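Asks: So I've got this file, entry.cif, and it contains mmCIF, C-alpha atoms and all ligand atoms:
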data_protein
#
loop_
_atom_site.label_atom_id
_atom_site.label_comp_id
_atom_site.auth_asym_id
_atom_site.auth_seq_id
_atom_site.Cartn_x
_atom_site.Cartn_y
_atom_site.Cartn_z
CA MET R 137 -62.41 160.44 -31.24
CA PRO R 138 -65.26 160.70 -28.72
CA LEU R 139 -64.40 160.28 -25.03
CA THR R 140 -66.66 158.38 -22.65
CA SER R 141 -66.96 161.56 -20.56
CA ASP R 142 -68.33 163.54 -23.54
CA ARG R 143 -71.92 164.68 -23.20
CA TYR R 144 -73.59 166.45 -26.12
CA LEU R 145 -76.42 168.95 -25.81
CA VAL R 146 -78.30 168.89 -29.13
CA THR R 147 -80.92 171.62 -29.57
CA GLY R 148 -83.59 171.30 -32.23
CA ALA R 149 -83.15 167.64 -31.36
CA MET R 150 -86.52 166.52 -32.77
CA GLY R 151 -85.81 168.19 -36.14
CA CYS R 152 -84.27 166.69 -39.26
CA ILE R 153 -80.58 167.44 -38.75
CA GLY R 154 -80.90 166.97 -34.98
CA SER R 155 -82.29 163.46 -35.45
CA TRP R 156 -79.36 162.48 -37.67
CA VAL R 157 -76.83 164.06 -35.28
CA ILE R 158 -78.32 162.03 -32.42
CA ARG R 159 -78.35 158.83 -34.47
CA HIS R 160 -74.62 159.23 -35.25
CA LEU R 161 -73.73 160.17 -31.65
CA LEU R 162 -75.57 157.18 -30.18
CA THR R 163 -73.92 154.85 -32.69
CA GLU R 164 -70.57 156.07 -31.32
CA GLY R 165 -71.72 155.44 -27.75
CA CYS R 166 -71.93 159.13 -26.78
CA ASP R 167 -74.17 160.57 -24.12
CA VAL R 168 -76.87 162.84 -25.62
CA VAL R 169 -79.20 165.44 -24.12
CA ALA R 170 -81.94 166.05 -26.71
CA PHE R 171 -83.40 169.52 -26.12
CA ASP R 172 -86.50 170.63 -28.02
CA LEU R 173 -89.76 172.43 -27.38
CA SER R 174 -91.57 169.77 -29.36
CA THR R 175 -92.17 166.23 -28.13
CA ASP R 176 -93.20 165.01 -31.58
CA ASP R 177 -90.83 162.08 -32.07
CA ARG R 178 -91.81 161.10 -35.61
CA ARG R 179 -88.33 161.81 -36.99
CA HIS R 180 -86.70 159.84 -34.18
CA GLN R 181 -89.00 156.90 -34.99
CA LEU R 182 -87.96 157.20 -38.62
CA ILE R 183 -84.21 157.73 -38.14
CA ILE R 184 -82.98 156.34 -34.82
CA ASP R 185 -82.97 152.64 -33.93
CA PRO R 186 -85.52 151.87 -31.17
CA ALA R 187 -82.82 150.15 -29.06
CA ASP R 188 -80.71 153.34 -29.16
CA ARG R 189 -83.58 155.75 -28.49
CA CYS R 190 -83.93 154.62 -24.87
CA ARG R 191 -80.40 156.01 -24.22
CA ILE R 192 -81.42 159.58 -25.14
CA HIS R 193 -81.93 162.06 -22.27
CA TYR R 194 -84.95 163.93 -23.58
CA VAL R 195 -85.49 167.44 -22.22
CA GLN R 196 -88.56 169.32 -23.33
CA GLY R 197 -87.52 172.94 -23.10
CA ASP R 198 -87.76 176.33 -24.69
CA LEU R 199 -84.62 177.96 -26.09
CA THR R 200 -86.02 181.37 -25.24
CA GLU R 201 -85.82 180.51 -21.52
CA LEU R 202 -82.20 180.82 -20.34
CA GLU R 203 -82.81 178.91 -17.09
CA GLN R 204 -84.14 175.91 -19.04
CA VAL R 205 -81.12 175.86 -21.36
CA LEU R 206 -78.74 176.21 -18.40
CA ALA R 207 -80.45 173.38 -16.53
CA ALA R 208 -80.25 171.07 -19.57
CA SER R 209 -76.54 171.76 -20.00
CA ALA R 210 -75.33 170.35 -16.66
CA GLY R 211 -72.28 168.17 -17.31
CA VAL R 212 -72.32 168.96 -21.03
CA SER R 213 -68.98 169.07 -22.91
CA HIS R 214 -70.24 169.88 -26.44
CA ILE R 215 -73.19 171.87 -27.79
CA ILE R 216 -74.68 171.38 -31.26
CA HIS R 217 -77.25 174.15 -31.64
CA LEU R 218 -79.83 173.46 -34.34
CA GLY R 219 -83.07 174.70 -32.76
CA ALA R 220 -84.74 177.39 -34.85
CA LEU R 221 -87.91 178.35 -36.66
CA GLN R 222 -87.51 177.99 -40.42
CA VAL R 223 -88.46 180.61 -43.05
CA PRO R 224 -92.23 179.88 -43.34
CA PHE R 225 -92.67 179.73 -39.55
CA CYS R 226 -90.76 183.00 -39.12
CA ARG R 227 -93.04 184.61 -41.73
CA ASP R 228 -96.11 183.38 -39.83
CA ASP R 229 -94.87 184.60 -36.44
CA ARG R 230 -92.19 187.29 -36.69
CA PRO R 231 -91.90 188.10 -32.96
CA GLY R 232 -91.82 184.37 -32.21
CA GLY R 233 -89.17 183.82 -34.88
CA ALA R 234 -87.02 186.61 -33.45
CA ALA R 235 -87.39 185.16 -29.96
CA VAL R 236 -86.34 181.63 -30.92
CA ASN R 237 -83.75 182.44 -33.57
CA VAL R 238 -82.09 185.40 -31.84
CA VAL R 239 -82.79 185.21 -28.09
CA GLY R 240 -82.60 181.41 -28.23
CA THR R 241 -79.12 181.63 -29.74
CA VAL R 242 -78.01 184.26 -27.20
CA ASN R 243 -79.10 181.81 -24.51
CA ILE R 244 -76.95 179.09 -26.06
CA PHE R 245 -73.87 181.33 -26.16
CA GLU R 246 -74.58 182.52 -22.62
CA THR R 247 -74.88 178.92 -21.46
CA ALA R 248 -71.61 177.93 -23.15
CA LEU R 249 -69.89 180.90 -21.49
CA ARG R 250 -71.26 180.31 -17.99
CA ARG R 251 -70.55 176.59 -18.14
CA SER R 252 -67.12 176.99 -19.83
CA ILE R 253 -68.15 174.84 -22.81
CA ASP R 254 -65.63 175.51 -25.57
CA ASN R 255 -67.02 173.09 -28.14
CA LEU R 256 -70.00 174.95 -29.58
CA VAL R 257 -71.33 174.55 -33.12
CA TYR R 258 -74.40 176.40 -34.38
CA ALA R 259 -76.37 176.44 -37.64
CA SER R 260 -76.34 179.57 -39.73
CA SER R 261 -77.97 179.42 -43.18
CA VAL R 262 -77.44 180.30 -46.82
CA ALA R 263 -80.33 182.74 -46.25
CA VAL R 264 -77.76 185.20 -44.82
CA PHE R 265 -76.83 185.93 -48.46
CA GLY R 266 -78.78 187.60 -51.23
CA ASN R 267 -79.76 185.88 -54.47
CA ALA R 268 -77.26 184.57 -57.01
CA ASN R 269 -77.54 187.75 -59.14
CA ASP R 270 -76.31 189.91 -56.25
CA TYR R 271 -72.81 188.42 -56.57
CA PRO R 272 -70.24 188.32 -59.39
CA GLN R 273 -69.81 184.58 -58.78
CA PRO R 274 -72.61 182.07 -58.01
CA ILE R 275 -70.54 179.98 -55.56
CA LEU R 276 -69.78 181.96 -52.40
CA THR R 277 -67.37 181.67 -49.52
CA ALA R 278 -68.45 181.99 -45.89
CA HIS R 279 -67.16 185.55 -45.79
CA ASP R 280 -68.92 187.05 -48.80
CA ASP R 281 -71.27 189.99 -48.24
CA ARG R 282 -74.46 189.36 -46.33
CA ALA R 283 -77.67 190.55 -48.08
CA PRO R 284 -80.56 188.61 -46.53
CA SER R 285 -84.01 188.97 -48.09
CA THR R 286 -85.91 187.24 -45.27
CA LEU R 287 -86.15 188.03 -41.55
CA TYR R 288 -84.96 184.46 -40.95
CA GLY R 289 -81.78 185.39 -42.87
CA VAL R 290 -81.43 188.64 -40.91
CA TRP R 291 -81.61 186.69 -37.65
CA LYS R 292 -79.04 184.15 -38.86
CA CYS R 293 -76.76 187.15 -39.64
CA ALA R 294 -77.34 188.29 -36.06
CA ASN R 295 -76.27 184.83 -34.82
CA GLU R 296 -73.02 185.03 -36.77
CA ALA R 297 -72.34 188.55 -35.47
CA MET R 298 -73.13 187.45 -31.91
CA ALA R 299 -70.63 184.60 -32.21
CA ARG R 300 -67.96 187.12 -33.19
CA VAL R 301 -68.77 189.41 -30.25
CA TYR R 302 -68.83 186.58 -27.67
CA GLN R 303 -65.36 185.69 -28.96
CA LEU R 304 -64.18 189.33 -28.87
CA GLU R 305 -65.59 190.21 -25.45
CA ASP R 306 -65.31 186.88 -23.61
CA GLY R 307 -62.97 184.71 -25.67
CA LEU R 308 -65.78 182.17 -26.24
CA PRO R 309 -64.96 180.12 -29.36
CA SER R 310 -67.58 178.70 -31.71
CA ILE R 311 -68.06 177.26 -35.18
CA GLY R 312 -70.94 178.38 -37.37
CA LEU R 313 -71.92 176.18 -40.32
CA ILE R 314 -73.90 177.39 -43.32
CA PRO R 315 -76.15 174.70 -44.86
CA HIS R 316 -78.07 175.28 -48.11
CA THR R 317 -80.68 172.65 -49.12
CA VAL R 318 -80.61 169.67 -46.78
CA TYR R 319 -82.43 166.55 -48.05
CA GLY R 320 -82.98 162.99 -46.91
CA PRO R 321 -85.17 161.12 -44.40
CA GLY R 322 -86.67 163.49 -41.82
CA ARG R 323 -86.56 166.62 -44.01
CA ASP R 324 -90.21 167.55 -44.12
CA GLN R 325 -90.53 171.26 -43.34
CA GLY R 326 -89.03 174.56 -44.46
CA LEU R 327 -88.60 176.28 -47.82
CA THR R 328 -86.10 173.77 -49.20
CA SER R 329 -87.84 170.56 -48.08
CA GLN R 330 -89.63 170.00 -51.43
CA PRO R 331 -86.80 167.99 -53.11
CA THR R 332 -87.11 165.44 -50.28
CA THR R 333 -90.91 165.42 -50.56
CA ALA R 334 -90.44 164.72 -54.28
CA ILE R 335 -88.48 161.53 -53.41
CA LEU R 336 -91.28 160.40 -51.09
CA ALA R 337 -93.89 161.18 -53.79
CA ALA R 338 -91.90 159.17 -56.34
CA VAL R 339 -91.73 156.21 -53.93
CA ARG R 340 -95.54 156.41 -53.63
CA GLY R 341 -95.97 156.88 -57.40
CA LYS R 342 -97.69 160.25 -56.88
CA ASN R 343 -97.03 163.26 -59.11
CA PHE R 344 -95.23 166.11 -57.36
CA HIS R 345 -94.29 169.66 -58.36
CA ILE R 346 -91.28 171.41 -56.84
CA ASP R 347 -92.21 175.10 -56.87
CA TYR R 348 -88.76 176.34 -57.85
CA GLY R 349 -85.89 175.63 -60.19
CA GLY R 350 -82.37 176.96 -60.55
CA VAL R 351 -79.18 175.64 -59.04
CA LEU R 352 -79.11 174.59 -55.36
CA GLY R 353 -76.49 173.22 -52.98
CA PHE R 354 -77.98 169.79 -52.18
CA GLN R 355 -76.67 168.36 -48.90
CA PHE R 356 -77.57 164.89 -47.63
CA ALA R 357 -78.85 165.06 -44.03
CA PRO R 358 -76.65 162.21 -42.66
CA ASP R 359 -73.56 163.92 -44.17
CA VAL R 360 -74.59 167.28 -42.73
CA ALA R 361 -75.01 165.72 -39.29
CA ARG R 362 -71.53 164.15 -39.55
CA ILE R 363 -70.07 167.58 -40.35
CA PHE R 364 -71.79 169.18 -37.33
CA ILE R 365 -70.37 166.48 -35.04
CA ASP R 366 -66.87 166.65 -36.51
CA SER R 367 -66.91 170.44 -36.21
CA ALA R 368 -67.90 170.14 -32.54
CA ARG R 369 -64.75 168.07 -31.96
CA VAL R 370 -62.02 170.26 -33.43
CA ASP R 371 -59.87 172.37 -31.12
CA PRO R 372 -61.64 175.71 -30.83
CA ALA R 373 -59.98 178.70 -32.51
CA GLY R 374 -62.06 181.87 -32.39
CA ALA R 375 -65.42 182.55 -34.00
CA GLU R 376 -65.13 180.38 -37.09
CA LEU R 377 -67.62 180.18 -39.92
CA PHE R 378 -67.77 177.68 -42.80
CA GLY R 379 -70.04 177.00 -45.76
CA LEU R 380 -71.20 173.46 -46.55
CA GLY R 381 -70.66 172.23 -50.10
CA GLY R 382 -72.52 169.09 -51.18
CA HIS R 383 -73.81 168.71 -54.75
CA ILE R 384 -74.28 172.08 -56.39
CA ALA R 385 -76.63 171.17 -59.19
CA PRO R 386 -79.77 172.28 -61.07
CA VAL R 387 -83.09 171.05 -59.70
CA GLU R 388 -83.50 169.15 -63.03
CA GLU R 389 -80.46 167.05 -62.16
CA PHE R 390 -81.91 166.16 -58.76
CA ILE R 391 -85.18 165.17 -60.44
CA GLY R 392 -83.21 163.15 -63.03
CA SER R 393 -81.60 161.21 -60.18
CA ILE R 394 -85.03 160.54 -58.63
CA GLU R 395 -86.18 159.23 -62.03
CA ALA R 396 -83.09 157.05 -62.41
CA VAL R 397 -83.49 155.59 -58.90
CA THR R 398 -87.26 155.06 -58.79
CA GLY R 399 -88.23 154.88 -62.48
CA PHE R 400 -91.03 157.37 -61.67
CA LEU R 401 -91.39 160.28 -64.12
CA GLY R 402 -94.05 162.41 -62.40
CA VAL R 403 -91.83 164.99 -60.63
CA THR R 404 -91.76 168.46 -62.21
CA HIS R 405 -90.48 171.87 -61.13
CA GLY R 406 -91.27 175.57 -61.58
CA ASN R 407 -89.00 178.27 -62.94
CA GLN R 408 -88.90 180.69 -60.03
CA THR R 409 -85.56 180.70 -58.22
CA LEU R 410 -84.99 180.87 -54.48
CA PRO R 411 -83.38 184.08 -53.20
CA PHE R 412 -80.09 182.33 -52.45
CA PRO R 413 -76.72 181.88 -54.14
CA HIS R 414 -76.20 178.58 -55.96
CA GLY R 415 -73.95 177.09 -53.34
CA MET R 416 -70.92 177.46 -51.14
CA ASP R 417 -67.26 176.69 -51.57
CA ASP R 418 -66.36 174.28 -48.75
CA SER R 419 -62.58 174.16 -49.29
CA SER R 420 -61.89 175.94 -45.99
CA LEU R 421 -64.16 173.47 -44.14
CA ARG R 422 -62.32 170.57 -45.79
CA ALA R 423 -59.00 172.05 -44.72
CA ARG R 424 -60.27 172.54 -41.16
CA LEU R 425 -61.81 169.08 -40.70
CA GLY R 426 -59.37 167.11 -42.85
CA GLU R 427 -62.20 165.12 -44.42
CA VAL R 428 -65.79 165.97 -45.29
CA THR R 429 -68.29 163.22 -46.07
CA CYS R 430 -70.24 163.73 -49.28
CA THR R 431 -72.38 160.79 -50.44
CA ALA R 432 -72.87 160.67 -54.22
CA LEU R 433 -76.18 162.21 -55.32
CA GLY R 434 -77.58 159.01 -56.86
CA ASP R 435 -76.54 156.92 -53.83
CA SER R 436 -78.09 159.37 -51.38
CA ILE R 437 -81.38 159.50 -53.31
CA SER R 438 -81.42 155.72 -53.54
CA GLU R 439 -80.76 155.46 -49.79
CA THR R 440 -83.56 157.95 -49.07
CA ALA R 441 -86.02 156.12 -51.33
CA GLN R 442 -85.19 152.79 -49.65
CA TRP R 443 -85.51 154.42 -46.23
CA PHE R 444 -89.00 155.66 -47.15
CA GLU R 445 -89.99 152.26 -48.57
CA ARG R 446 -88.94 150.50 -45.35
CA ALA R 447 -90.72 153.13 -43.24
CA GLU R 448 -93.94 152.68 -45.26
CA ALA R 449 -93.68 148.89 -44.84
CA GLN R 450 -93.18 149.28 -41.06
CA GLY R 451 -96.00 151.82 -40.73
CA LEU R 452 -93.68 154.55 -39.44
CA PRO R 453 -94.98 158.14 -39.55
CA LEU R 454 -94.25 159.87 -42.87
CA PRO R 455 -95.73 163.12 -44.20
CA ASN R 456 -99.07 163.04 -46.01
CA LEU R 457 -98.91 164.29 -49.58
CA ASN R 458 -101.93 166.17 -50.84
N1 LIG C 1 -82.64 172.04 -43.37
C1 LIG C 1 -81.98 172.92 -44.13
O1 LIG C 1 -81.92 172.80 -45.37
C2 LIG C 1 -81.28 174.06 -43.49
C3 LIG C 1 -80.63 175.00 -44.30
C4 LIG C 1 -79.98 176.08 -43.68
C5 LIG C 1 -79.97 176.18 -42.31
N2 LIG C 1 -80.61 175.25 -41.55
C6 LIG C 1 -80.60 175.40 -40.08
O2 LIG C 1 -80.21 174.16 -39.50
C7 LIG C 1 -80.91 173.98 -38.26
C8 LIG C 1 -81.62 172.64 -38.24
O3 LIG C 1 -82.44 172.53 -39.39
P1 LIG C 1 -83.54 171.36 -39.50
O4 LIG C 1 -83.82 171.18 -40.95
O5 LIG C 1 -83.14 170.22 -38.67
O6 LIG C 1 -84.77 172.12 -38.83
P2 LIG C 1 -86.17 171.54 -38.28
O7 LIG C 1 -87.20 172.58 -38.56
O8 LIG C 1 -86.40 170.15 -38.79
O9 LIG C 1 -85.92 171.45 -36.71
C9 LIG C 1 -85.85 172.57 -35.89
C10 LIG C 1 -86.22 172.13 -34.48
O10 LIG C 1 -86.13 173.27 -33.60
C11 LIG C 1 -87.15 173.12 -32.63
N3 LIG C 1 -87.49 174.37 -31.97
C12 LIG C 1 -88.20 175.40 -32.49
N4 LIG C 1 -88.40 176.34 -31.54
C13 LIG C 1 -87.80 175.90 -30.41
C14 LIG C 1 -87.68 176.44 -29.11
N5 LIG C 1 -88.23 177.63 -28.77
N6 LIG C 1 -86.99 175.74 -28.17
C15 LIG C 1 -86.48 174.51 -28.49
N7 LIG C 1 -86.56 173.96 -29.72
C16 LIG C 1 -87.23 174.65 -30.68
C17 LIG C 1 -88.33 172.57 -33.42
O11 LIG C 1 -89.31 171.97 -32.58
C18 LIG C 1 -87.65 171.59 -34.37
O12 LIG C 1 -87.66 170.27 -33.84
C19 LIG C 1 -81.82 175.19 -38.10
O13 LIG C 1 -81.17 176.15 -37.31
C20 LIG C 1 -81.97 175.70 -39.50
O14 LIG C 1 -82.26 177.08 -39.53
C21 LIG C 1 -81.26 174.19 -42.10
#
Go through the file and emit its structure as C-alpha cells.
Replies:
Amino acid sequence: MPLTSDRYLVTGAMGCIGSWVIRHLLTEGCDVVAFDLSTDDRRHQLIIDPADRCRIHYVQGDLTELEQVLAASAGVSHIIHLGALQVPFCRDDRPGGAAVNVVGTVNIFETALRRSIDNLVYASSVAVFGNANDYPQPILTAHDDRAPSTLYGVWKCANEAMARVYQLEDGLPSIGLIPHTVYGPGRDQGLTSQPTTAILAAVRGKNFHIDYGGVLGFQFAPDVARIFIDSARVDPAGAELFGLGGHIAPVEEFIGSIEAVTGFLGVTHGNQTLPFPHGMDDSSLRARLGEVTCTALGDSISETAQWFERAEAQGLPLPNLN
C-alpha cells in the first residue's frame, strides 16, 4: 500500500506508459514528480483527469544531464524510469539514442545510488531478443539469450547489464520489466503503435493498414502501468528482470476484436513480421507480484474505442491519420 510519505519520480512522464503510471499514482493520492524533456502534454490531457493534473510536480529535464536528474529526485522514495527514444527515433539519431537510452539510464542508476533509493523500476524491451525463429520456442523467459537486431535493443541490453553491475558493485537493487506491444489511449509513437492507431482509425471509420502480421504480445497500457507501480513497491532483492505477458495473439485476432467492438471492417495488415519473439512467459512476474492485472482483449479494445470517442467529442488532442 502507498504511504503518504512516498514520492515517485516518473521519467518519460509525458509518454504513453508514463501518463498511465501518473494517472494511477494520483488516483491513489501519491506525490508525483513528472520528469520529461518534452512539455507536450497531449497524453496527460487525454489520460489524466484535469482536477488531478494540478497535483503533478512537472520538471522539464534531460535524462542525459545527471545534475538535472539528481535535482528532480530530492525527497523521492521510488523511481519508475520510462524515458527513452523508441526504435524509429533511435534510427534517425543514433548518437542521440545512445545518449538518452544508455547515459540517461546510467544517470538514473547513479541517482538512485547517491540518494539511497532502493525502489527502482526501469523499462527494458522485447527488442533485446532476436526474432521468433532464433529460438526453439516462441514464448521466451526473461533470461533467454539476447540477440537484438536494432541499436535500441542493444542499448536496452546495456541497461539490463548495467542494472546487474550496479547490484554487484554497489548493492543497488532494481527491477527491469520487458514490455512487448503496448496498446491503448496515449500509444501513438514507436514501431508497435500501429495496433492502437488501427483502433482510432476504426472509431473514425477510416481504413487503416498495419504494416506487419505475426503473433505479438499485446499489453494494455493501463495494465502495464499498474505492473510498473506494483513492481516499484515490492521489497528489493537484487537486479531482477521480468517479462510482461498480456495477450499473445496473431495480429488478425486483434483486428477481429476491433471489428467486433466497432463494427468497422476496414483494418488490414501486412505479412512481414517484427524481429521479436511472439511473447513472454510472465509466470515469474506473477509469482513475484502475487497478482498481475490483465484486462480481456475485447474489453480493453472496447475501453480504448470509447476513450477515443469521448476524446473526439471533447476536442482533446488525438493523432491525425493520413
Ligand atoms: N510502448 C511499448 O510498446 C514499449 C515496448 C517495450 C519497451 N517500452 C519501453 O517503455 C518505456 C516507455 O514507453 P512509452 O511507450 O511510454 O514511450 P513514449 O515514447 O511514449 O515516451 C517516452 C518519453 O521519454 C521522453 N524522453 C525522451 N528523451 C528524453 C530525455 N533526454 N530526457 C527526458 N525524457 C526524455 C519523451 O519525451 C517521451 O515523453 C520506454 O523506455 C520504452 O522503450 C515500450
Asks: As an exercise, work out the distance from atom CA of Gly415 of chain R to atom CA of Leu380 of chain R in Å and give it to one decimal place.
Replies: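 For atom CA of Gly415 of chain R relative to atom CA of Leu380 of chain R, the distance reads 8.2 Å.
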Asks: Check which residues fall inside 7 Å of ligand LIG 1 (chain C) when counting only C-alpha atoms and all ligand atoms, and print them as a JSON list (two decimals) with C-alpha atoms, keeping the file's coordinate frame.
Replies:
[["chain", "number", "residue", "atom", "x", "y", "z"],
["R", 147, "THR", "CA", -80.92, 171.62, -29.57],
["R", 148, "GLY", "CA", -83.59, 171.30, -32.23],
["R", 149, "ALA", "CA", -83.15, 167.64, -31.36],
["R", 150, "MET", "CA", -86.52, 166.52, -32.77],
["R", 151, "GLY", "CA", -85.81, 168.19, -36.14],
["R", 152, "CYS", "CA", -84.27, 166.69, -39.26],
["R", 153, "ILE", "CA", -80.58, 167.44, -38.75],
["R", 154, "GLY", "CA", -80.90, 166.97, -34.98],
["R", 171, "PHE", "CA", -83.40, 169.52, -26.12],
["R", 172, "ASP", "CA", -86.50, 170.63, -28.02],
["R", 173, "LEU", "CA", -89.76, 172.43, -27.38],
["R", 174, "SER", "CA", -91.57, 169.77, -29.36],
["R", 197, "GLY", "CA", -87.52, 172.94, -23.10],
["R", 198, "ASP", "CA", -87.76, 176.33, -24.69],
["R", 199, "LEU", "CA", -84.62, 177.96, -26.09],
["R", 200, "THR", "CA", -86.02, 181.37, -25.24],
["R", 218, "LEU", "CA", -79.83, 173.46, -34.34],
["R", 219, "GLY", "CA", -83.07, 174.70, -32.76],
["R", 220, "ALA", "CA", -84.74, 177.39, -34.85],
["R", 221, "LEU", "CA", -87.91, 178.35, -36.66],
["R", 222, "GLN", "CA", -87.51, 177.99, -40.42],
["R", 236, "VAL", "CA", -86.34, 181.63, -30.92],
["R", 240, "GLY", "CA", -82.60, 181.41, -28.23],
["R", 259, "ALA", "CA", -76.37, 176.44, -37.64],
["R", 260, "SER", "CA", -76.34, 179.57, -39.73],
["R", 261, "SER", "CA", -77.97, 179.42, -43.18],
["R", 262, "VAL", "CA", -77.44, 180.30, -46.82],
["R", 314, "ILE", "CA", -73.90, 177.39, -43.32],
["R", 315, "PRO", "CA", -76.15, 174.70, -44.86],
["R", 316, "HIS", "CA", -78.07, 175.28, -48.11],
["R", 317, "THR", "CA", -80.68, 172.65, -49.12],
["R", 318, "VAL", "CA", -80.61, 169.67, -46.78],
["R", 319, "TYR", "CA", -82.43, 166.55, -48.05],
["R", 323, "ARG", "CA", -86.56, 166.62, -44.01],
["R", 325, "GLN", "CA", -90.53, 171.26, -43.34],
["R", 326, "GLY", "CA", -89.03, 174.56, -44.46],
["R", 328, "THR", "CA", -86.10, 173.77, -49.20],
["R", 329, "SER", "CA", -87.84, 170.56, -48.08]]
Asks: Considering only C-alpha atoms, can you say which of R:Cys166, R:Val264, R:Leu433, R:Leu452 comes closest to Asp359 of chain R?
Replies: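 For Asp359 of chain R, the nearest of the given residues is R:Leu433.
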Asks: Which residue, R:Leu206, R:Val223, R:Gly322, R:Phe245, has the smallest gap to Pro453 of chain R when you use all atoms listed in the file?
Replies: R:Gly322
Asks: Using all atoms listed in the file, can you tell me which of R:Thr241, R:Tyr258, R:Ser141, R:Ile158 comes closest to Ser213 of chain R?
Replies: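 Among R:Thr241, R:Tyr258, R:Ser141, R:Ile158, it is R:Ser141 that comes nearest to Ser213 of chain R.
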Asks: Considering all atoms listed in the file, can you say which of R:Val397, R:Val360, R:Leu327, R:Ile192 comes closest to Phe225 of chain R?
Replies: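 So, comparing all the options, the nearest one is R:Leu327.
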Asks: Near segment 346-348 of chain R, within 12 Å and counting all atoms listed in the file, which residues show up once chain neighbours fewer than 4 positions away are dropped, as a ChimeraX atom specification?
Replies: /R:327-335,337,352,386-388,390-391,402-412
Asks: Rounded to one decimal, what separation in Å do you get between atom CA of Val238 of chain R and atom CA of Cys226 of chain R?
Replies: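 Atom CA of Cys226 of chain R lies 11.6 Å from atom CA of Val238 of chain R.
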Asks: Using all atoms listed in the file, which protein or nucleic acid residues come within 10 Å of His160 of chain R? Drop anything in the same chain fewer than 5 positions from it, and give the result as a PDB file with C-alpha atoms, in the frame of the given file.
Replies:
ATOM      1  CA  GLY R 154     -80.900 166.970 -34.980  1.00  0.00           C
ATOM      2  CA  SER R 155     -82.290 163.460 -35.450  1.00  0.00           C
ATOM      3  CA  GLY R 165     -71.720 155.440 -27.750  1.00  0.00           C
ATOM      4  CA  CYS R 166     -71.930 159.130 -26.780  1.00  0.00           C
ATOM      5  CA  ILE R 184     -82.980 156.340 -34.820  1.00  0.00           C
ATOM      6  CA  PRO R 358     -76.650 162.210 -42.660  1.00  0.00           C
ATOM      7  CA  ALA R 361     -75.010 165.720 -39.290  1.00  0.00           C
ATOM      8  CA  ARG R 362     -71.530 164.150 -39.550  1.00  0.00           C
ATOM      9  CA  ILE R 365     -70.370 166.480 -35.040  1.00  0.00           C
TER      10      ILE R 365
END
Asks: Identify which of the residues R:Leu304, R:Gly350, R:Gly320, R:Trp291 lies closest to Val242 of chain R, counting all atoms listed in the file when measuring atom-to-atom distances.
Replies: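 For Val242 of chain R, the nearest of the candidates is R:Trp291.
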Asks: Give me, please, the distance in Å between atom CA of Ala208 of chain R and atom CA of Thr163 of chain R, quoted to one decimal.
Replies: 21.8 Å
Asks: Can you pull out the residues contacting Arg143 of chain R? Cut-off 7 Å, using all atoms listed in the file, and skip same-chain residues under 5 positions away; I want them as a list in words.
Replies: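 My reading of the contact set: Cys166, Asp167, Val168, Gly211, Val212, Ser213 and His214 of chain R.
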Asks: Env of Ala449 of chain R: 12 Å cut, atoms = only C-alpha atoms, seq-sep filter 6 positions within chain, self excluded. Answer as a ChimeraX atom specification.
Replies: /R:182,339-340,442-443
Asks: Keeping C-alpha atoms, export the residues of the selection given above as a PDB file, keeping the file's coordinate frame.
Replies:
ATOM      1  CA  LEU R 182     -87.960 157.200 -38.620  1.00  0.00           C
ATOM      2  CA  VAL R 339     -91.730 156.210 -53.930  1.00  0.00           C
ATOM      3  CA  ARG R 340     -95.540 156.410 -53.630  1.00  0.00           C
ATOM      4  CA  GLN R 442     -85.190 152.790 -49.650  1.00  0.00           C
ATOM      5  CA  TRP R 443     -85.510 154.420 -46.230  1.00  0.00           C
TER       6      TRP R 443
END
